[in-house]
>>> print(open('query.txt').read())   # compact mmCIF, C-alpha atoms
# COMPACT_ATOMS: atom_id res chain seq x y z
CA MET J 1 -12.92 10.89 8.75
CA LEU J 2 -9.33 11.52 7.66
CA ALA J 3 -8.40 12.99 11.04
CA LEU J 4 -10.10 10.07 12.74
CA LEU J 5 -8.07 7.61 10.70
CA LEU J 6 -4.87 9.43 11.60
CA THR J 7 -5.65 8.90 15.28
CA LEU J 8 -5.96 5.21 14.54
CA ALA J 9 -2.64 5.27 12.71
CA MET J 10 -0.90 6.73 15.74
CA VAL J 11 -1.96 3.82 17.94
CA ALA J 12 -1.50 1.09 15.34
CA ALA J 13 0.71 -1.72 16.53
CA ALA J 14 2.27 -2.62 13.16
CA CYS J 15 2.87 -1.32 9.67
CA GLY J 16 1.35 -4.44 8.19
CA SER J 17 1.56 -4.01 4.46
CA ASP J 18 5.34 -4.14 4.28
CA ASP J 19 6.40 -6.93 6.63
CA GLU J 20 8.12 -9.66 4.60
CA SER J 21 7.29 -12.47 7.06
CA VAL J 22 4.90 -14.94 5.45
CA ALA J 23 3.91 -18.51 6.07
CA PRO J 24 5.42 -20.98 3.59
CA ALA J 25 2.92 -21.59 0.83
CA THR J 26 3.81 -25.27 0.75
CA THR J 27 2.07 -25.79 4.10
CA ALA J 28 -1.17 -24.10 3.09
CA ALA J 29 -4.44 -25.95 2.89
CA PRO J 30 -6.36 -25.33 -0.33
CA ALA J 31 -9.23 -22.87 -0.34
CA THR J 32 -12.77 -24.10 -0.92
CA THR J 33 -13.40 -24.52 -4.64
CA ALA J 34 -17.17 -24.71 -4.82
CA ALA J 35 -18.91 -22.75 -7.55
CA SER J 36 -20.25 -19.38 -6.42
CA SER J 37 -22.44 -16.43 -7.29
CA GLY J 38 -21.39 -14.38 -10.27
CA GLY J 39 -19.40 -17.23 -11.77
CA VAL J 40 -16.41 -16.59 -9.48
CA PRO J 41 -14.66 -19.91 -8.73
CA GLY J 42 -12.78 -20.79 -5.58
CA LEU J 43 -14.62 -18.67 -3.04
CA VAL J 44 -14.09 -19.65 0.60
CA GLU J 45 -17.83 -19.24 1.21
CA GLU J 46 -20.38 -19.30 -1.58
CA GLY J 47 -21.87 -15.91 -2.40
CA LYS J 48 -19.35 -13.99 -0.30
CA LEU J 49 -16.02 -12.29 -0.95
CA ILE J 50 -13.99 -12.50 2.27
CA VAL J 51 -11.36 -9.75 2.23
CA VAL J 52 -9.04 -9.65 5.25
CA THR J 53 -7.10 -6.57 6.36
CA THR J 54 -5.23 -5.44 9.45
CA GLY J 55 -7.56 -2.51 10.05
CA ASN J 56 -4.59 -0.46 11.28
CA PHE J 57 -2.87 0.97 8.19
CA PRO J 58 -4.61 4.26 7.31
CA PRO J 59 -5.51 5.45 4.76
CA PHE J 60 -5.62 1.93 3.28
CA THR J 61 -7.53 0.23 6.08
CA ALA J 62 -8.67 1.31 9.55
CA ILE J 63 -11.49 0.74 12.02
CA ASP J 64 -13.97 3.59 12.44
CA PRO J 65 -14.38 3.71 16.25
CA ASP J 66 -17.87 5.19 15.96
CA SER J 67 -19.33 2.53 13.68
CA GLY J 68 -16.85 -0.29 14.26
CA GLU J 69 -16.69 -0.75 10.49
CA VAL J 70 -13.54 -1.16 8.43
CA VAL J 71 -12.92 1.84 6.18
CA GLY J 72 -10.17 2.95 3.81
CA TYR J 73 -8.97 3.08 0.23
CA THR J 74 -8.46 -0.65 -0.18
CA ILE J 75 -11.78 -1.36 1.55
CA ASP J 76 -13.61 0.85 -0.94
CA ILE J 77 -11.87 -0.99 -3.77
CA ALA J 78 -12.91 -4.35 -2.30
CA ARG J 79 -16.49 -3.12 -1.96
CA SER J 80 -16.64 -2.09 -5.62
CA VAL J 81 -15.08 -5.39 -6.73
CA ALA J 82 -17.61 -7.39 -4.70
CA GLU J 83 -20.52 -5.40 -6.13
CA ARG J 84 -19.29 -5.95 -9.69
CA LEU J 85 -18.98 -9.68 -9.05
CA GLY J 86 -22.40 -9.93 -7.41
CA LEU J 87 -20.98 -10.96 -4.05
CA GLU J 88 -21.47 -9.95 -0.43
CA LEU J 89 -18.35 -8.31 1.00
CA VAL J 90 -17.07 -9.63 4.35
CA THR J 91 -14.12 -7.77 5.93
CA PRO J 92 -12.54 -9.50 8.95
CA THR J 93 -9.50 -7.88 10.57
CA VAL J 94 -6.44 -9.62 12.01
CA ASP J 95 -2.82 -8.67 12.66
CA TRP J 96 -0.42 -8.61 9.72
CA VAL J 97 1.22 -11.98 10.27
CA ASN J 98 -2.14 -13.72 10.64
CA GLU J 99 -3.46 -11.90 7.58
CA LEU J 100 -1.02 -13.59 5.23
CA GLU J 101 -0.88 -16.86 7.15
CA GLY J 102 -4.67 -17.10 7.07
CA LEU J 103 -4.69 -16.34 3.36
CA ALA J 104 -2.12 -19.07 2.72
CA GLN J 105 -4.31 -21.50 4.70
CA GLY J 106 -7.39 -20.68 2.62
CA LEU J 107 -9.31 -18.84 5.34
CA TYR J 108 -9.82 -15.74 3.21
CA ASP J 109 -10.30 -14.94 -0.46
CA ILE J 110 -8.13 -11.82 -0.54
CA ALA J 111 -5.60 -10.04 1.68
CA ASP J 112 -6.00 -6.32 1.18
CA SER J 113 -3.82 -4.08 3.38
CA GLY J 114 -1.96 -2.25 0.63
CA ILE J 115 0.55 -5.01 -0.15
CA TRP J 116 3.75 -4.60 -2.17
CA PRO J 117 4.02 -7.70 -4.43
CA THR J 118 7.76 -8.13 -4.02
CA ALA J 119 9.56 -10.98 -5.77
CA LYS J 120 9.76 -12.79 -2.43
CA ARG J 121 6.02 -12.49 -1.83
CA GLN J 122 5.26 -13.65 -5.36
CA GLU J 123 6.85 -16.97 -4.44
CA SER J 124 4.16 -17.51 -1.79
CA PHE J 125 1.07 -15.73 -3.15
CA LEU J 126 -0.73 -14.68 -6.31
CA PHE J 127 -1.34 -10.98 -6.82
CA SER J 128 -3.90 -8.92 -8.69
CA ARG J 129 -2.99 -6.23 -11.16
CA PRO J 130 -1.85 -3.09 -9.28
CA MET J 131 -4.47 -0.84 -7.69
CA THR J 132 -2.13 2.10 -7.02
CA SER J 133 1.53 2.93 -6.64
CA THR J 134 3.55 4.33 -3.76
CA GLY J 135 7.16 4.65 -2.70
CA ILE J 136 9.38 5.24 0.30
CA VAL J 137 9.98 8.70 1.76
CA ALA J 138 11.48 10.28 4.86
CA GLN J 139 8.91 11.35 7.45
CA VAL J 140 10.18 14.17 9.65
CA ARG J 141 8.99 16.69 12.19
CA ALA J 142 7.25 19.73 10.71
CA ALA J 143 10.20 21.96 11.61
CA ASP J 144 12.35 19.89 9.24
CA ALA J 145 9.98 20.07 6.27
CA GLY J 146 11.84 20.87 3.07
CA GLY J 147 14.96 19.08 4.23
CA PRO J 148 17.00 16.69 2.07
CA GLY J 149 15.49 13.48 3.41
CA PHE J 150 17.25 10.45 1.97
CA ALA J 151 19.47 12.70 -0.16
CA ASP J 152 21.56 13.58 2.91
CA MET J 153 21.07 11.83 6.25
CA THR J 154 24.55 12.57 7.57
CA GLY J 155 24.55 12.50 11.37
CA MET J 156 20.82 11.77 11.61
CA LYS J 157 19.12 9.30 13.92
CA ALA J 158 16.92 7.26 11.59
CA GLY J 159 14.08 4.85 12.28
CA GLY J 160 11.50 2.61 10.70
CA ILE J 161 9.04 -0.23 11.26
CA GLN J 162 10.64 -3.55 12.11
CA GLY J 163 10.42 -6.09 9.30
CA SER J 164 9.12 -3.56 6.78
CA SER J 165 10.31 -2.87 3.25
CA GLN J 166 11.10 0.65 4.41
CA GLU J 167 13.42 -0.74 7.08
CA ALA J 168 15.06 -3.02 4.52
CA TYR J 169 15.81 0.02 2.34
CA MET J 170 17.49 1.78 5.26
CA LEU J 171 19.59 -1.19 6.33
CA GLU J 172 20.63 -2.20 2.82
CA ASN J 173 21.73 1.36 1.98
CA ALA J 174 23.22 2.38 5.33
CA ASP J 175 26.60 3.42 3.95
CA ALA J 176 25.16 5.46 1.10
CA LEU J 177 22.55 7.17 3.29
CA GLY J 178 25.10 8.06 5.96
CA TYR J 179 22.83 8.19 9.00
CA GLU J 180 24.39 8.01 12.45
CA SER J 181 22.13 5.34 13.97
CA TYR J 182 19.03 3.32 13.14
CA SER J 183 16.20 2.24 15.46
CA GLY J 184 13.49 -0.26 14.56
CA PHE J 185 10.02 0.09 16.08
CA ALA J 186 7.29 -2.48 16.55
CA GLY J 187 4.59 -0.35 14.97
CA ALA J 188 3.58 2.94 13.41
CA GLY J 189 2.36 4.46 16.67
CA GLU J 190 5.63 3.79 18.46
CA ALA J 191 7.67 5.08 15.52
CA LEU J 192 5.71 8.33 15.16
CA THR J 193 5.89 8.94 18.91
CA ALA J 194 9.68 8.51 18.81
CA LEU J 195 9.86 10.98 15.92
CA LYS J 196 7.77 13.59 17.71
CA GLN J 197 9.79 13.19 20.91
CA GLY J 198 13.06 13.67 19.05
CA ARG J 199 14.41 10.19 19.69
CA VAL J 200 14.79 9.84 15.93
CA ASP J 201 15.19 12.57 13.31
CA ALA J 202 13.52 10.80 10.39
CA LEU J 203 11.45 7.69 9.69
CA SER J 204 11.61 5.60 6.54
CA GLN J 205 7.92 5.48 5.62
CA ASP J 206 5.45 4.46 2.92
CA THR J 207 4.91 7.57 0.78
CA LEU J 208 1.12 7.57 0.89
CA VAL J 209 0.97 6.80 4.60
CA ALA J 210 3.54 9.52 5.35
CA GLY J 211 1.70 12.04 3.22
CA PHE J 212 -1.62 11.15 4.84
CA ALA J 213 -0.13 11.57 8.32
CA SER J 214 1.47 14.89 7.40
CA VAL J 215 -1.74 16.33 6.00
CA ASN J 216 -3.62 15.43 9.16
CA ASP J 217 -1.02 16.15 11.86
CA PRO J 218 0.66 19.59 12.00
CA GLU J 219 3.63 18.11 13.85
CA LEU J 220 4.59 15.89 10.89
CA ALA J 221 5.97 16.47 7.40
CA VAL J 222 7.80 14.68 4.59
CA ALA J 223 11.24 15.61 3.29
CA GLY J 224 13.43 14.88 0.30
CA PRO J 225 12.85 12.54 -2.62
CA THR J 226 10.52 9.57 -2.91
CA VAL J 227 12.48 6.42 -3.75
CA LEU J 228 11.65 2.89 -4.85
CA ALA J 229 8.28 3.58 -6.44
CA HIS J 230 6.33 0.32 -6.44
CA PRO J 231 2.84 -1.08 -6.99
CA LEU J 232 0.33 -2.15 -4.36
CA SER J 233 -1.90 -5.12 -5.13
CA LEU J 234 -4.42 -7.59 -3.70
CA ALA J 235 -3.01 -10.95 -2.58
CA PHE J 236 -4.53 -14.40 -3.23
CA GLN J 237 -3.69 -17.94 -2.19
CA LEU J 238 -1.50 -19.81 -4.65
CA GLY J 239 -3.56 -21.86 -7.08
CA GLN J 240 -6.45 -19.38 -7.20
CA GLU J 241 -5.74 -17.98 -10.66
CA ALA J 242 -9.39 -18.07 -11.74
CA LYS J 243 -10.48 -16.03 -8.73
CA ARG J 244 -7.60 -13.60 -9.27
CA ASP J 245 -8.55 -13.21 -12.94
CA ALA J 246 -12.17 -12.41 -12.05
CA VAL J 247 -11.00 -9.73 -9.63
CA ASN J 248 -8.57 -8.36 -12.22
CA ALA J 249 -11.43 -7.94 -14.67
CA ALA J 250 -13.30 -5.91 -12.06
CA LEU J 251 -10.23 -3.77 -11.36
CA ASP J 252 -9.72 -3.13 -15.08
CA ALA J 253 -13.33 -1.99 -15.32
CA MET J 254 -12.83 0.33 -12.34
CA ILE J 255 -9.90 1.97 -14.10
CA ALA J 256 -11.79 2.25 -17.38
CA ASP J 257 -14.92 3.87 -15.91
CA GLY J 258 -13.10 6.23 -13.54
CA THR J 259 -14.12 4.55 -10.28
CA LEU J 260 -10.52 4.08 -9.19
CA ALA J 261 -9.80 7.73 -9.92
CA GLU J 262 -12.71 8.76 -7.71
CA LEU J 263 -11.48 6.58 -4.84
CA GLN J 264 -7.95 7.96 -5.13
CA LYS J 265 -9.28 11.50 -4.93
CA LYS J 266 -11.42 10.57 -1.93
CA TRP J 267 -8.53 9.18 0.10
CA PHE J 268 -5.42 10.90 -1.32
CA ASN J 269 -6.85 14.15 -2.73
CA THR J 270 -5.08 13.44 -6.01
CA CYS J 271 -4.71 10.79 -8.70
CA ILE J 272 -1.71 8.49 -8.67
CA PRO J 273 -0.15 6.57 -11.58
CA VAL J 274 -1.04 2.88 -11.61
CA PRO J 275 1.49 0.41 -13.06
CA ASP J 276 0.34 -1.82 -15.90
CA HIS J 277 1.57 -4.90 -14.03
CA ASN J 278 3.41 -5.82 -10.84
CA ASN J 279 6.90 -6.21 -12.31
CA GLN J 280 6.88 -3.07 -14.44
CA GLU J 281 9.85 -0.72 -14.23
CA GLU J 282 9.34 3.00 -13.77
CA PRO J 283 8.00 5.29 -15.14
CA TYR J 284 4.47 4.03 -14.70
CA THR J 285 2.07 4.52 -17.60
CA THR J 286 -1.46 3.61 -16.57
CA MET J 287 -3.66 6.32 -15.07
CA PRO J 288 -7.29 5.93 -14.08
CA ALA J 289 -9.75 7.43 -16.52
CA GLY J 290 -11.84 10.49 -15.76
CA ASP J 291 -10.50 13.61 -14.11
CA CYS J 292 -7.00 12.16 -13.68
CA GLY J 293 -6.17 12.49 -17.38
CA PRO J 294 -3.45 10.62 -19.26
CA ALA J 295 -0.28 9.59 -17.49
CA VAL J 296 2.05 10.07 -20.46
CA THR J 297 2.71 12.46 -23.30
CA ALA J 298 5.40 12.43 -25.97
CA ALA J 299 8.73 10.64 -25.87
CA SER J 300 11.36 12.46 -23.83
CA THR J 301 15.06 13.01 -23.43
CA GLY J 302 17.47 10.53 -21.94
CA GLY J 303 15.88 7.56 -23.65
CA VAL J 304 13.03 7.48 -21.13
CA PRO J 305 9.68 7.35 -22.96
CA GLY J 306 6.44 8.87 -21.73
CA LEU J 307 7.63 11.47 -19.23
CA VAL J 308 4.93 13.95 -18.25
CA GLU J 309 7.46 16.79 -18.60
CA GLU J 310 10.53 16.43 -20.79
CA GLY J 311 13.74 15.98 -18.83
CA LYS J 312 11.98 15.38 -15.52
CA LEU J 313 10.73 12.34 -13.61
CA ILE J 314 7.70 13.55 -11.67
CA VAL J 315 6.82 11.31 -8.71
CA VAL J 316 3.50 12.25 -7.13
CA THR J 317 2.91 12.07 -3.38
CA THR J 318 0.14 13.22 -1.08
CA GLY J 319 2.54 15.26 1.05
>>> encode(input="query.txt", output="structure tokens")
Amino acid sequence: MLALLLTLAMVAAACGSDDESVAPATTAAPATTAASSGGVPGLVEEGKLIVVTTGNFPPFTAIDPDSGEVVGYTIDIARSVAERLGLELVTPTVDWVNELEGLAQGLYDIADSGIWPTAKRQESFLFSRPMTSTGIVAQVRAADAGGPGFADMTGMKAGGIQGSSQEAYMLENADALGYESYSGFAGAGEALTALKQGRVDALSQDTLVAGFASVNDPELAVAGPTVLAHPLSLAFQLGQEAKRDAVNAALDAMIADGTLAELQKKWFNTCIPVPDHNNQEEPYTTMPAGDCGPAVTAASTGGVPGLVEEGKLIVVTTG
């Protein structure tokens, strides 16, 4: 299934989870507030949890062409949440802009494409507690694996997805990064094709997505450090705090009983630190229970508490 999802990633039209374009929350119609199964208030349709995704952002969400069903890490999380709340899961797919616009208009209960709850987005939406963490990394051709990545981009032709947080990082740090030129692409498929063809030397990419692509495509690799570690969360319409709190309780239970750890291993082949909350600074401290083990040990040098290994900041990736 992982190879199948990579194929979907190559033809995806947009890197949905990181586009900052959202509909103003002030224009949104309120979601239905009728009482529902499991005591969850504010559901759009009674007895159902409607979770919208783009279906084109593997390994978080993708369409299985054989079954036509939506699959992925965030889909499995949504399925477990719905089961714990006694609700039927419904998973429509739309493009990224319509995902958040539809959520703001009350068409869906949750938007779930691996969304970074930036300060800007928190002005327009509510967010759940984090469900994983990721970062930004340089995706390169396999021949350039082991290169410096963001540490030294002198003379490189760089690229990224238009409107994404990864693009914002490149443009805001152009002088420090030192790349020769930057090209924005409409979607992941176009960007990866440009990389393979040599039209760009490196892409600014979500760490988990880049690692997933590299594991499943021998032409791709990651290089250099991961930067800007950040949480990924589920998004809700403003004013739906009670619904958000019910989902948070389910997510907390998934961390406590090891379910989240199992899903991370299924999709990423490893366990990844989960921030305690959306505005937490690094290093992250919460780790799913079970085989993942604790995220922190003793206090460490440099005034940074809880490092796994003294004197080092270890940032995990799938690469």
>>> closest_residue(input="query.txt", among="J:Gly106, J:Gly160, J:Gly114, J:Gly147", to="J:Leu43", atoms="all atoms listed in the file")
J:Gly106
>>> closest_residue(input="query.txt", among="J:Ala202, J:Ala188, J:Leu232, J:Leu238", to="J:Lys157", atoms="only C-alpha atoms")
J:Ala202
>>> residues_around(input="query.txt", residues="J:Gly72", least_positions_apart="4", cutoff="9 Å", atoms="all atoms listed in the file", output="PyMOL selection string")
chain J and resi 5+55+57-63+76-77+267
>>> atom_distance(input="query.txt", atom1="atom CA of J:Ala111", atom2="atom CA of J:Thr134")
17.9 Å
>>> residues_around(input="query.txt", residues="J:Thr54", least_positions_apart="5", cutoff="6 Å", atoms="all atoms listed in the file", output="PyMOL selection string")
chain J and resi 93-96
>>> atom_distance(input="query.txt", atom1="atom CA of J:Ala249", atom2="atom CA of J:Ala78")
13.0 Å
>>> residues_around(input="query.txt", residues="J:Asp276", least_positions_apart="5", cutoff="8 Å", atoms="all atoms listed in the file", output="JSON, numbers by chain")
{"J": [129, 130, 284, 285, 286]}
>>> closest_residue(input="query.txt", among="J:Tyr73, J:Phe236, J:Tyr169, J:Phe268", to="J:Val215", atoms="only C-alpha atoms")
J:Phe268
>>> closest_residue(input="query.txt", among="J:Lys120, J:Val71, J:Gly47, J:Thr259", to="J:Glu88", atoms="all atoms listed in the file")
J:Gly47
>>> closest_residue(input="query.txt", among="J:Met153, J:Leu208, J:Met170, J:Ala176", to="J:Ala229", atoms="all atoms listed in the file")
J:Leu208
>>> atom_distance(input="query.txt", atom1="atom CA of J:Thr53", atom2="atom CA of J:Pro275")
22.4 Å
>>> closest_residue(input="query.txt", among="J:Val70, J:Leu126, J:Val247, J:Met131", to="J:Leu260", atoms="only C-alpha atoms")
J:Met131
